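One file, input_8.cif, carrying mmCIF, C-alpha atoms and all ligand atoms:
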data_run
#
loop_
_atom_site.group_PDB
_atom_site.id
_atom_site.type_symbol
_atom_site.label_atom_id
_atom_site.label_comp_id
_atom_site.auth_asym_id
_atom_site.auth_seq_id
_atom_site.Cartn_x
_atom_site.Cartn_y
_atom_site.Cartn_z
ATOM 1 C CA MET I 1 93.617 57.971 47.500
ATOM 2 C CA GLY I 2 93.035 54.340 46.596
ATOM 3 C CA ILE I 3 95.381 51.588 47.682
ATOM 4 C CA LEU I 4 94.994 49.861 44.313
ATOM 5 C CA THR I 5 94.270 51.693 41.071
ATOM 6 C CA ILE I 6 93.185 49.632 38.097
ATOM 7 C CA ASP I 7 93.409 51.795 35.020
ATOM 8 C CA ASN I 8 92.112 50.774 31.586
ATOM 9 C CA VAL I 9 93.177 47.172 32.144
ATOM 10 C CA SER I 10 92.664 44.545 29.435
ATOM 11 C CA LYS I 11 93.699 40.950 28.952
ATOM 12 C CA HIS I 12 93.353 39.150 25.629
ATOM 13 C CA PHE I 13 93.930 35.434 25.138
ATOM 14 C CA GLY I 14 94.266 35.244 21.356
ATOM 15 C CA GLY I 15 90.834 36.326 20.160
ATOM 16 C CA VAL I 16 89.216 36.063 23.615
ATOM 17 C CA ILE I 17 88.917 39.368 25.459
ATOM 18 C CA ALA I 18 88.803 38.158 29.060
ATOM 19 C CA VAL I 19 89.132 41.626 30.641
ATOM 20 C CA ASP I 20 88.173 44.679 28.620
ATOM 21 C CA LYS I 21 89.348 48.187 29.620
ATOM 22 C CA VAL I 22 88.422 47.886 33.284
ATOM 23 C CA ASN I 23 88.870 50.884 35.599
ATOM 24 C CA THR I 24 88.320 50.910 39.327
ATOM 25 C CA VAL I 25 89.885 52.188 42.520
ATOM 26 C CA VAL I 26 90.087 49.996 45.608
ATOM 27 C CA GLU I 27 89.862 51.962 48.851
ATOM 28 C CA PRO I 28 92.123 50.974 51.752
ATOM 29 C CA GLY I 29 90.635 49.187 54.731
ATOM 30 C CA LEU I 30 87.405 48.264 52.972
ATOM 31 C CA ILE I 31 85.909 45.106 51.508
ATOM 32 C CA THR I 32 85.523 45.246 47.732
ATOM 33 C CA SER I 33 83.912 42.349 45.934
ATOM 34 C CA ILE I 34 84.120 41.486 42.279
ATOM 35 C CA ILE I 35 81.067 39.730 40.951
ATOM 36 C CA GLY I 36 79.674 38.701 37.580
ATOM 37 C CA PRO I 37 78.359 35.668 35.714
ATOM 38 C CA ASN I 38 80.635 32.751 34.801
ATOM 39 C CA GLY I 39 83.382 33.773 32.393
ATOM 40 C CA ALA I 40 82.988 37.486 33.241
ATOM 41 C CA GLY I 41 86.744 37.915 33.802
ATOM 42 C CA LYS I 42 86.905 37.946 37.615
ATOM 43 C CA THR I 43 89.686 35.385 38.087
ATOM 44 C CA THR I 44 91.624 36.824 35.154
ATOM 45 C CA LEU I 45 91.518 40.238 36.855
ATOM 46 C CA PHE I 46 92.840 38.627 40.072
ATOM 47 C CA ASN I 47 95.651 37.025 38.081
ATOM 48 C CA LEU I 48 96.511 40.389 36.538
ATOM 49 C CA ILE I 49 96.665 42.063 39.974
ATOM 50 C CA THR I 50 98.841 39.320 41.484
ATOM 51 C CA GLY I 51 101.224 38.893 38.550
ATOM 52 C CA GLY I 52 99.911 35.563 37.241
ATOM 53 C CA TYR I 53 99.286 37.089 33.811
ATOM 54 C CA ALA I 54 100.864 39.983 31.944
ATOM 55 C CA LEU I 55 98.505 42.833 31.060
ATOM 56 C CA THR I 56 97.592 43.321 27.404
ATOM 57 C CA GLU I 57 97.058 47.021 28.146
ATOM 58 C CA GLY I 58 96.590 49.383 31.050
ATOM 59 C CA SER I 59 98.151 49.856 34.437
ATOM 60 C CA ILE I 60 97.687 48.513 37.966
ATOM 61 C CA LYS I 61 99.182 50.560 40.779
ATOM 62 C CA PHE I 62 99.607 49.562 44.409
ATOM 63 C CA LYS I 63 99.773 53.009 45.991
ATOM 64 C CA ASP I 64 102.415 54.618 43.727
ATOM 65 C CA GLN I 65 104.061 51.388 42.619
ATOM 66 C CA GLU I 66 103.297 50.051 39.128
ATOM 67 C CA LEU I 67 102.653 46.305 39.362
ATOM 68 C CA SER I 68 102.571 45.555 35.650
ATOM 69 C CA GLY I 69 105.707 43.626 34.700
ATOM 70 C CA LEU I 70 106.470 42.455 38.234
ATOM 71 C CA PRO I 71 106.550 38.696 38.936
ATOM 72 C CA SER I 72 104.087 37.214 41.465
ATOM 73 C CA HIS I 73 106.677 36.820 44.226
ATOM 74 C CA ALA I 74 107.638 40.507 43.995
ATOM 75 C CA ILE I 75 103.974 41.539 44.212
ATOM 76 C CA TYR I 76 103.554 39.228 47.224
ATOM 77 C CA ALA I 77 106.614 40.783 48.854
ATOM 78 C CA LEU I 78 105.105 44.250 48.348
ATOM 79 C CA GLY I 79 102.101 43.192 50.441
ATOM 80 C CA ILE I 80 99.462 41.628 48.191
ATOM 81 C CA ALA I 81 98.528 38.032 49.053
ATOM 82 C CA ARG I 82 95.830 35.801 47.595
ATOM 83 C CA THR I 83 93.932 32.543 47.848
ATOM 84 C CA PHE I 84 92.848 30.437 44.885
ATOM 85 C CA GLN I 85 89.511 29.273 43.505
ATOM 86 C CA ASN I 86 90.766 25.687 43.556
ATOM 87 C CA ILE I 87 92.344 25.188 46.954
ATOM 88 C CA ARG I 88 96.131 24.936 46.656
ATOM 89 C CA LEU I 89 97.499 23.350 49.798
ATOM 90 C CA PHE I 90 100.497 21.072 50.120
ATOM 91 C CA PRO I 91 98.881 17.683 50.794
ATOM 92 C CA THR I 92 101.881 15.986 52.397
ATOM 93 C CA MET I 93 102.396 18.839 54.875
ATOM 94 C CA THR I 94 100.601 19.559 58.104
ATOM 95 C CA VAL I 95 98.230 22.413 58.663
ATOM 96 C CA TRP I 96 100.908 24.326 60.565
ATOM 97 C CA GLU I 97 103.579 23.729 57.895
ATOM 98 C CA ASN I 98 101.206 25.012 55.236
ATOM 99 C CA VAL I 99 100.771 28.282 57.134
ATOM 100 C CA MET I 100 104.530 28.621 57.693
ATOM 101 C CA LEU I 101 105.001 28.322 53.932
ATOM 102 C CA GLY I 102 103.310 31.705 53.641
ATOM 103 C CA LEU I 103 106.484 33.090 55.200
ATOM 104 C CA GLN I 104 108.781 31.301 52.773
ATOM 105 C CA SER I 105 110.103 34.545 51.321
ATOM 106 C CA LYS I 106 111.335 35.497 54.786
ATOM 107 C CA LEU I 107 113.219 32.224 55.102
ATOM 108 C CA LYS I 108 115.801 32.909 52.408
ATOM 109 C CA PRO I 109 119.256 31.942 53.600
ATOM 110 C CA ASN I 110 121.040 35.016 54.781
ATOM 111 C CA ILE I 111 124.808 35.124 55.215
ATOM 112 C CA PHE I 112 124.608 37.441 58.200
ATOM 113 C CA GLN I 113 122.200 35.132 59.977
ATOM 114 C CA ALA I 114 124.635 32.256 59.424
ATOM 115 C CA LEU I 115 127.260 34.345 61.184
ATOM 116 C CA LEU I 116 124.896 35.319 63.971
ATOM 117 C CA PRO I 117 123.041 32.146 65.015
ATOM 118 C CA HIS I 118 121.010 33.852 67.738
ATOM 119 C CA GLN I 119 119.368 36.006 65.040
ATOM 120 C CA SER I 120 118.318 32.948 63.117
ATOM 121 C CA HIS I 121 116.767 31.556 66.319
ATOM 122 C CA GLN I 122 114.924 34.811 66.697
ATOM 123 C CA LEU I 123 113.612 34.527 63.135
ATOM 124 C CA GLU I 124 112.560 30.939 63.742
ATOM 125 C CA ARG I 125 110.694 31.965 66.870
ATOM 126 C CA GLU I 126 108.988 34.788 65.036
ATOM 127 C CA ILE I 127 107.868 32.460 62.244
ATOM 128 C CA ARG I 128 106.612 29.943 64.779
ATOM 129 C CA ASP I 129 104.716 32.520 66.843
ATOM 130 C CA ARG I 130 103.267 34.289 63.871
ATOM 131 C CA SER I 131 102.033 31.111 62.191
ATOM 132 C CA LEU I 132 100.492 29.901 65.464
ATOM 133 C CA TYR I 133 98.717 33.226 65.857
ATOM 134 C CA TYR I 134 97.111 32.963 62.421
ATOM 135 C CA LEU I 135 96.172 29.339 63.042
ATOM 136 C CA GLU I 136 94.398 30.515 66.156
ATOM 137 C CA VAL I 137 92.509 33.334 64.460
ATOM 138 C CA ALA I 138 91.451 30.925 61.713
ATOM 139 C CA ASN I 139 90.229 28.582 64.465
ATOM 140 C CA LEU I 140 92.606 25.827 63.328
ATOM 141 C CA LEU I 141 95.019 25.639 66.222
ATOM 142 C CA LYS I 142 93.702 22.312 67.496
ATOM 143 C CA ARG I 143 94.270 20.774 64.056
ATOM 144 C CA LYS I 144 97.761 22.147 63.482
ATOM 145 C CA ASP I 145 99.510 18.760 63.353
ATOM 146 C CA GLU I 146 97.054 17.082 61.005
ATOM 147 C CA LEU I 147 97.702 16.768 57.297
ATOM 148 C CA SER I 148 96.098 19.672 55.469
ATOM 149 C CA THR I 149 94.050 17.309 53.301
ATOM 150 C CA ALA I 150 92.512 15.687 56.411
ATOM 151 C CA LEU I 151 90.568 18.890 57.083
ATOM 152 C CA PRO I 152 86.989 19.310 55.941
ATOM 153 C CA TYR I 153 86.534 21.611 52.967
ATOM 154 C CA GLY I 154 85.505 24.727 54.904
ATOM 155 C CA GLU I 155 88.581 24.459 57.138
ATOM 156 C CA GLN I 156 90.890 23.982 54.138
ATOM 157 C CA ARG I 157 89.582 27.282 52.788
ATOM 158 C CA ARG I 158 90.226 28.988 56.146
ATOM 159 C CA LEU I 159 93.716 27.484 56.157
ATOM 160 C CA GLU I 160 94.400 29.060 52.771
ATOM 161 C CA ILE I 161 93.300 32.419 54.167
ATOM 162 C CA ALA I 162 95.557 31.961 57.226
ATOM 163 C CA ARG I 163 98.479 31.225 54.898
ATOM 164 C CA ALA I 164 97.730 34.426 52.944
ATOM 165 C CA LEU I 165 97.527 36.485 56.156
ATOM 166 C CA VAL I 166 100.716 35.243 57.789
ATOM 167 C CA SER I 167 102.902 37.397 55.533
ATOM 168 C CA ASP I 168 101.063 40.445 56.948
ATOM 169 C CA PRO I 169 99.924 41.754 53.550
ATOM 170 C CA GLU I 170 98.131 45.072 53.134
ATOM 171 C CA ILE I 171 95.725 43.600 50.591
ATOM 172 C CA VAL I 172 94.223 40.102 50.697
ATOM 173 C CA LEU I 173 92.526 38.734 47.599
ATOM 174 C CA LEU I 174 90.145 35.861 48.192
ATOM 175 C CA ASP I 175 88.948 33.899 45.161
ATOM 176 C CA GLU I 176 85.527 32.402 45.951
ATOM 177 C CA PRO I 177 86.272 31.737 49.630
ATOM 178 C CA ALA I 178 82.740 30.454 50.332
ATOM 179 C CA ALA I 179 82.607 28.044 47.377
ATOM 180 C CA GLY I 180 81.387 24.621 48.445
ATOM 181 C CA MET I 181 80.700 25.688 52.032
ATOM 182 C CA ASN I 182 77.531 24.849 53.902
ATOM 183 C CA VAL I 183 75.444 27.610 55.489
ATOM 184 C CA LYS I 184 77.175 27.417 58.886
ATOM 185 C CA GLU I 185 80.676 27.421 57.316
ATOM 186 C CA ALA I 186 79.752 30.400 55.110
ATOM 187 C CA LYS I 187 78.419 32.295 58.150
ATOM 188 C CA ASP I 188 81.654 31.656 60.085
ATOM 189 C CA LEU I 189 83.665 32.728 57.070
ATOM 190 C CA LEU I 190 81.725 35.998 56.877
ATOM 191 C CA LYS I 191 82.630 36.756 60.490
ATOM 192 C CA PHE I 192 86.260 35.908 59.766
ATOM 193 C CA ILE I 193 86.418 38.222 56.732
ATOM 194 C CA GLN I 194 84.773 41.037 58.734
ATOM 195 C CA TRP I 195 87.370 40.503 61.449
ATOM 196 C CA ILE I 196 90.197 40.665 58.880
ATOM 197 C CA LYS I 197 88.881 44.094 57.930
ATOM 198 C CA THR I 198 88.047 45.527 61.344
ATOM 199 C CA ASP I 199 90.724 44.015 63.600
ATOM 200 C CA LEU I 200 93.605 43.311 61.235
ATOM 201 C CA LYS I 201 92.782 46.496 59.240
ATOM 202 C CA LYS I 202 93.393 44.776 55.929
ATOM 203 C CA THR I 203 92.010 45.714 52.562
ATOM 204 C CA VAL I 204 90.003 42.753 51.261
ATOM 205 C CA ILE I 205 89.128 42.094 47.640
ATOM 206 C CA PHE I 206 87.097 39.025 46.931
ATOM 207 C CA ILE I 207 85.320 37.133 44.210
ATOM 208 C CA GLU I 208 82.133 35.469 45.310
ATOM 209 C CA HIS I 209 79.091 33.883 43.710
ATOM 210 C CA ASN I 210 77.112 33.661 46.936
ATOM 211 C CA MET I 211 75.029 36.859 46.722
ATOM 212 C CA ARG I 212 73.997 36.712 50.365
ATOM 213 C CA VAL I 213 77.668 36.797 51.358
ATOM 214 C CA VAL I 214 78.467 39.565 48.855
ATOM 215 C CA MET I 215 75.546 41.817 49.747
ATOM 216 C CA SER I 216 76.044 41.514 53.479
ATOM 217 C CA ILE I 217 79.723 42.372 53.781
ATOM 218 C CA SER I 218 80.843 44.409 50.766
ATOM 219 C CA ASP I 219 81.567 48.096 51.130
ATOM 220 C CA LYS I 220 81.822 48.265 47.363
ATOM 221 C CA ILE I 221 80.881 45.873 44.577
ATOM 222 C CA VAL I 222 82.382 45.860 41.082
ATOM 223 C CA VAL I 223 80.318 43.984 38.507
ATOM 224 C CA LEU I 224 81.940 42.475 35.423
ATOM 225 C CA ASP I 225 80.198 40.956 32.423
ATOM 226 C CA HIS I 226 81.981 39.657 29.312
ATOM 227 C CA GLY I 227 85.187 41.273 30.600
ATOM 228 C CA ARG I 228 83.696 44.743 30.940
ATOM 229 C CA LYS I 229 82.796 46.617 34.117
ATOM 230 C CA ILE I 230 79.060 47.189 33.904
ATOM 231 C CA ALA I 231 78.470 48.655 37.368
ATOM 232 C CA GLU I 232 80.051 49.513 40.684
ATOM 233 C CA GLY I 233 78.769 50.857 43.963
ATOM 234 C CA THR I 234 77.222 49.797 47.237
ATOM 235 C CA SER I 235 75.108 46.646 47.565
ATOM 236 C CA MET I 236 71.952 48.732 47.238
ATOM 237 C CA GLU I 237 73.150 50.567 44.113
ATOM 238 C CA VAL I 238 74.326 47.426 42.356
ATOM 239 C CA ARG I 239 71.277 45.350 43.278
ATOM 240 C CA GLU I 240 68.960 47.796 41.551
ATOM 241 C CA ASN I 241 71.099 48.401 38.467
ATOM 242 C CA PRO I 242 69.201 47.164 35.364
ATOM 243 C CA LEU I 243 72.447 46.176 33.603
ATOM 244 C CA VAL I 244 73.344 43.914 36.536
ATOM 245 C CA ILE I 245 69.892 42.339 36.639
ATOM 246 C CA GLU I 246 70.119 41.713 32.892
ATOM 247 C CA ALA I 247 73.632 40.208 33.145
ATOM 248 C CA TYR I 248 72.453 37.721 35.769
ATOM 249 C CA LEU I 249 68.968 36.965 34.531
ATOM 250 C CA GLY I 250 69.271 37.697 30.801
ATOM 251 C CA THR I 251 67.116 40.184 28.894
ATOM 252 C CA LYS I 252 63.332 39.840 28.986
ATOM 253 C CA LYS I 253 63.494 38.406 25.434
ATOM 254 C CA GLU I 254 66.087 35.784 26.451
ATOM 255 C CA ARG I 255 64.032 34.859 29.522
ATOM 256 C CA GLN I 256 60.900 34.433 27.401
ATOM 257 C CA ALA I 257 62.831 32.327 24.868
ATOM 258 C CA ALA I 258 64.147 30.086 27.656
ATOM 259 C CA SER I 259 60.750 29.561 29.296
HETATM 260 N N1 LIG N 301 94.388 31.029 30.232
HETATM 261 C C1 LIG N 301 93.342 31.296 29.452
HETATM 262 N N2 LIG N 301 93.393 31.073 28.111
HETATM 263 C C2 LIG N 301 92.357 31.353 27.308
HETATM 264 N N3 LIG N 301 91.187 31.881 27.740
HETATM 265 C C3 LIG N 301 91.070 32.117 29.047
HETATM 266 C C4 LIG N 301 92.138 31.842 29.978
HETATM 267 N N4 LIG N 301 91.724 32.202 31.233
HETATM 268 C C5 LIG N 301 90.466 32.653 31.093
HETATM 269 N N5 LIG N 301 90.072 32.597 29.779
HETATM 270 C C6 LIG N 301 88.795 33.039 29.242
HETATM 271 O O1 LIG N 301 88.590 34.365 29.691
HETATM 272 C C7 LIG N 301 87.229 34.562 30.053
HETATM 273 C C8 LIG N 301 87.147 35.004 31.504
HETATM 274 O O2 LIG N 301 87.480 33.892 32.348
HETATM 275 P P1 LIG N 301 87.607 34.008 33.933
HETATM 276 O O3 LIG N 301 88.016 32.679 34.436
HETATM 277 O O4 LIG N 301 88.449 35.176 34.278
HETATM 278 O O5 LIG N 301 86.102 34.320 34.333
HETATM 279 P P2 LIG N 301 85.421 34.282 35.767
HETATM 280 O O6 LIG N 301 84.544 35.483 35.844
HETATM 281 O O7 LIG N 301 86.443 34.142 36.818
HETATM 282 O O8 LIG N 301 84.540 32.968 35.649
HETATM 283 P P3 LIG N 301 84.052 31.921 36.789
HETATM 284 O O9 LIG N 301 83.050 32.645 37.629
HETATM 285 O O10 LIG N 301 83.424 30.830 35.965
HETATM 286 O O11 LIG N 301 85.266 31.479 37.532
HETATM 287 C C9 LIG N 301 86.506 33.263 29.750
HETATM 288 O O12 LIG N 301 85.961 33.350 28.458
HETATM 289 C C10 LIG N 301 87.629 32.234 29.800
HETATM 290 O O13 LIG N 301 87.321 31.123 28.988
#
As structure tokens, what does this structure read like?
Ligand SMILES: Nc1ncnc2c1ncn2[C@@H]1O[C@H](COP(=O)(O)OP(=O)(O)OP(=O)(O)O)[C@@H](O)[C@H]1O
Amino acid sequence: MGILTIDNVSKHFGGVIAVDKVNTVVEPGLITSIIGPNGAGKTTLFNLITGGYALTEGSIKFKDQELSGLPSHAIYALGIARTFQNIRLFPTMTVWENVMLGLQSKLKPNIFQALLPHQSHQLEREIRDRSLYYLEVANLLKRKDELSTALPYGEQRRLEIARALVSDPEIVLLDEPAAGMNVKEAKDLLKFIQWIKTDLKKTVIFIEHNMRVVMSISDKIVVLDHGRKIAEGTSMEVRENPLVIEAYLGTKKERQAAS
């Protein structure tokens, strides 16, 4: 059984059909990537999964739980965390504070904790330890007290991933995590994503334009074009699919016209 079942999902913005009757099943513990040319509907699909947009039609289930209609914070609390295409860090906060913010939902004032101060200390310690752990795995521990915006781009992206992981989600969605990275940063990121799968045992779904990254780590690839799913399968299957080649390179006629 899949951990996430996307069933006949569409999203219309007025006359624009951003996602068009997409079906797919995400398997637990694997890396699934969503690829496609610009405007294919990848980010819109992420926003539908994480509650940023309401579905026009269809259903998205996390195990047996219908996600459609739930607000983002409820979906996050269920165990689905994400990063964004345009990095969203809090610029006036330190690296460490940004990671702790990923646990914000666990920091809600609780009347019983107010009555039992030692429990609140325990919670504080847990938040501290957990955030330090994820800073360490993201290789950011030595920079924990710097402002988040002082980090180079590649490290800001890793910080966003650490903030998504700290809530201990079952599914992590990464929106173009390698965007703007140099070759070394992208290589390190690949190792990190592999580690998230193998050691943390998370299900990873990610959008990526860097084909080398996609082909080397995806267990399954879903290809969108103009909102529709045109292919899905392993790297090998997708790479040789004529519809995918056409979506990326254009038809022979279009290529001749452009040359
Ligand atoms: N809020 C919105 N309002 C209107 N149209 C939108 C909105 N969000 C996305 N679209 C349109 O939906 C389509 C899919 O956009 P989306 O950003 O999901 O594509 P994408 O595959 O993520 O593209 P990219 O790779 O460039 O990020 C595009 O035509 C886009 O212009």
Across I:Thr149, I:Gln122, I:Ser68, I:Ser131, the smallest distance to Leu89 (chain I), with only C-alpha atoms counted, is shown by I:Thr149
Name every residue that the PyMOL selection byres (((chain I and resi 151-158) around 8) and not hetatm) selects in this structure, writing the answer as a list in words with chains first and numbers rising. Ile87, Leu89, Ala138, Leu140, Glu146, Leu147, Ser148, Thr149, Ala150, Leu159, Glu160, Ile161, Ala162, Pro177, Ala178, Gly180, Met181, Glu185 and Leu189 of chain I
Residues matched by the PyMOL selection byres (((chain I and resi 52) around 12) and not hetatm), written as number ranges by chain: I: 11, 43-51, 53-55, 67-76, 82, 84
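Here atom C1 of ligand LIG 301 (chain N) is placed at a distance of 14.1 Å from CA of His226 (chain I).
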For the file shown, what are the residues hit by the PyMOL selection byres (((not hetatm)) within 7 of (chain N and resi 301)), laid out as an mmCIF file with C-alpha atoms, keeping the file's coordinate frame?
data_model
loop_
_atom_site.group_PDB
_atom_site.id
_atom_site.type_symbol
_atom_site.label_atom_id
_atom_site.label_comp_id
_atom_site.auth_asym_id
_atom_site.auth_seq_id
_atom_site.Cartn_x
_atom_site.Cartn_y
_atom_site.Cartn_z
ATOM 1 C CA PHE I 13 93.930 35.434 25.138
ATOM 2 C CA VAL I 16 89.216 36.063 23.615
ATOM 3 C CA ILE I 17 88.917 39.368 25.459
ATOM 4 C CA ALA I 18 88.803 38.158 29.060
ATOM 5 C CA VAL I 19 89.132 41.626 30.641
ATOM 6 C CA GLY I 36 79.674 38.701 37.580
ATOM 7 C CA PRO I 37 78.359 35.668 35.714
ATOM 8 C CA ASN I 38 80.635 32.751 34.801
ATOM 9 C CA GLY I 39 83.382 33.773 32.393
ATOM 10 C CA ALA I 40 82.988 37.486 33.241
ATOM 11 C CA GLY I 41 86.744 37.915 33.802
ATOM 12 C CA LYS I 42 86.905 37.946 37.615
ATOM 13 C CA THR I 43 89.686 35.385 38.087
ATOM 14 C CA THR I 44 91.624 36.824 35.154
ATOM 15 C CA LEU I 45 91.518 40.238 36.855
ATOM 16 C CA GLY I 227 85.187 41.273 30.600
#
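If you look at CA of Leu165 (chain I) and CA of Ile205 (chain I), they are 13.2 Å away from each other.
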Residues of region 7-101 of chain I that have any atom at most 9 Å from an atom of region 229-236 of chain I: could you tabulate them with the shortest-distance atom pair and the distance in Å to one decimal, using only C-alpha atoms, ordered by chain and increasing number, as a tab-separated table?
residue	atom	partner	partner_atom	distance
I:Val19	CA	I:Lys229	CA	8.8
I:Asp20	CA	I:Lys229	CA	7.9
I:Lys21	CA	I:Lys229	CA	8.1
I:Val22	CA	I:Lys229	CA	5.8
I:Asn23	CA	I:Lys229	CA	7.6
I:Thr24	CA	I:Glu232	CA	8.5
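Compared by their closest atoms to Val222 (chain I), and using only C-alpha atoms, the residues I:Ile35, I:Ala81, I:Lys184, I:Glu176 rank with I:Ile35 nearest.
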Using all atoms listed in the file, which residues sit within 7 Å of Ile31 (chain I) once same-chain residues fewer than 4 positions away are excluded, as a PyMOL selection string? chain I and resi 203-205+218-220
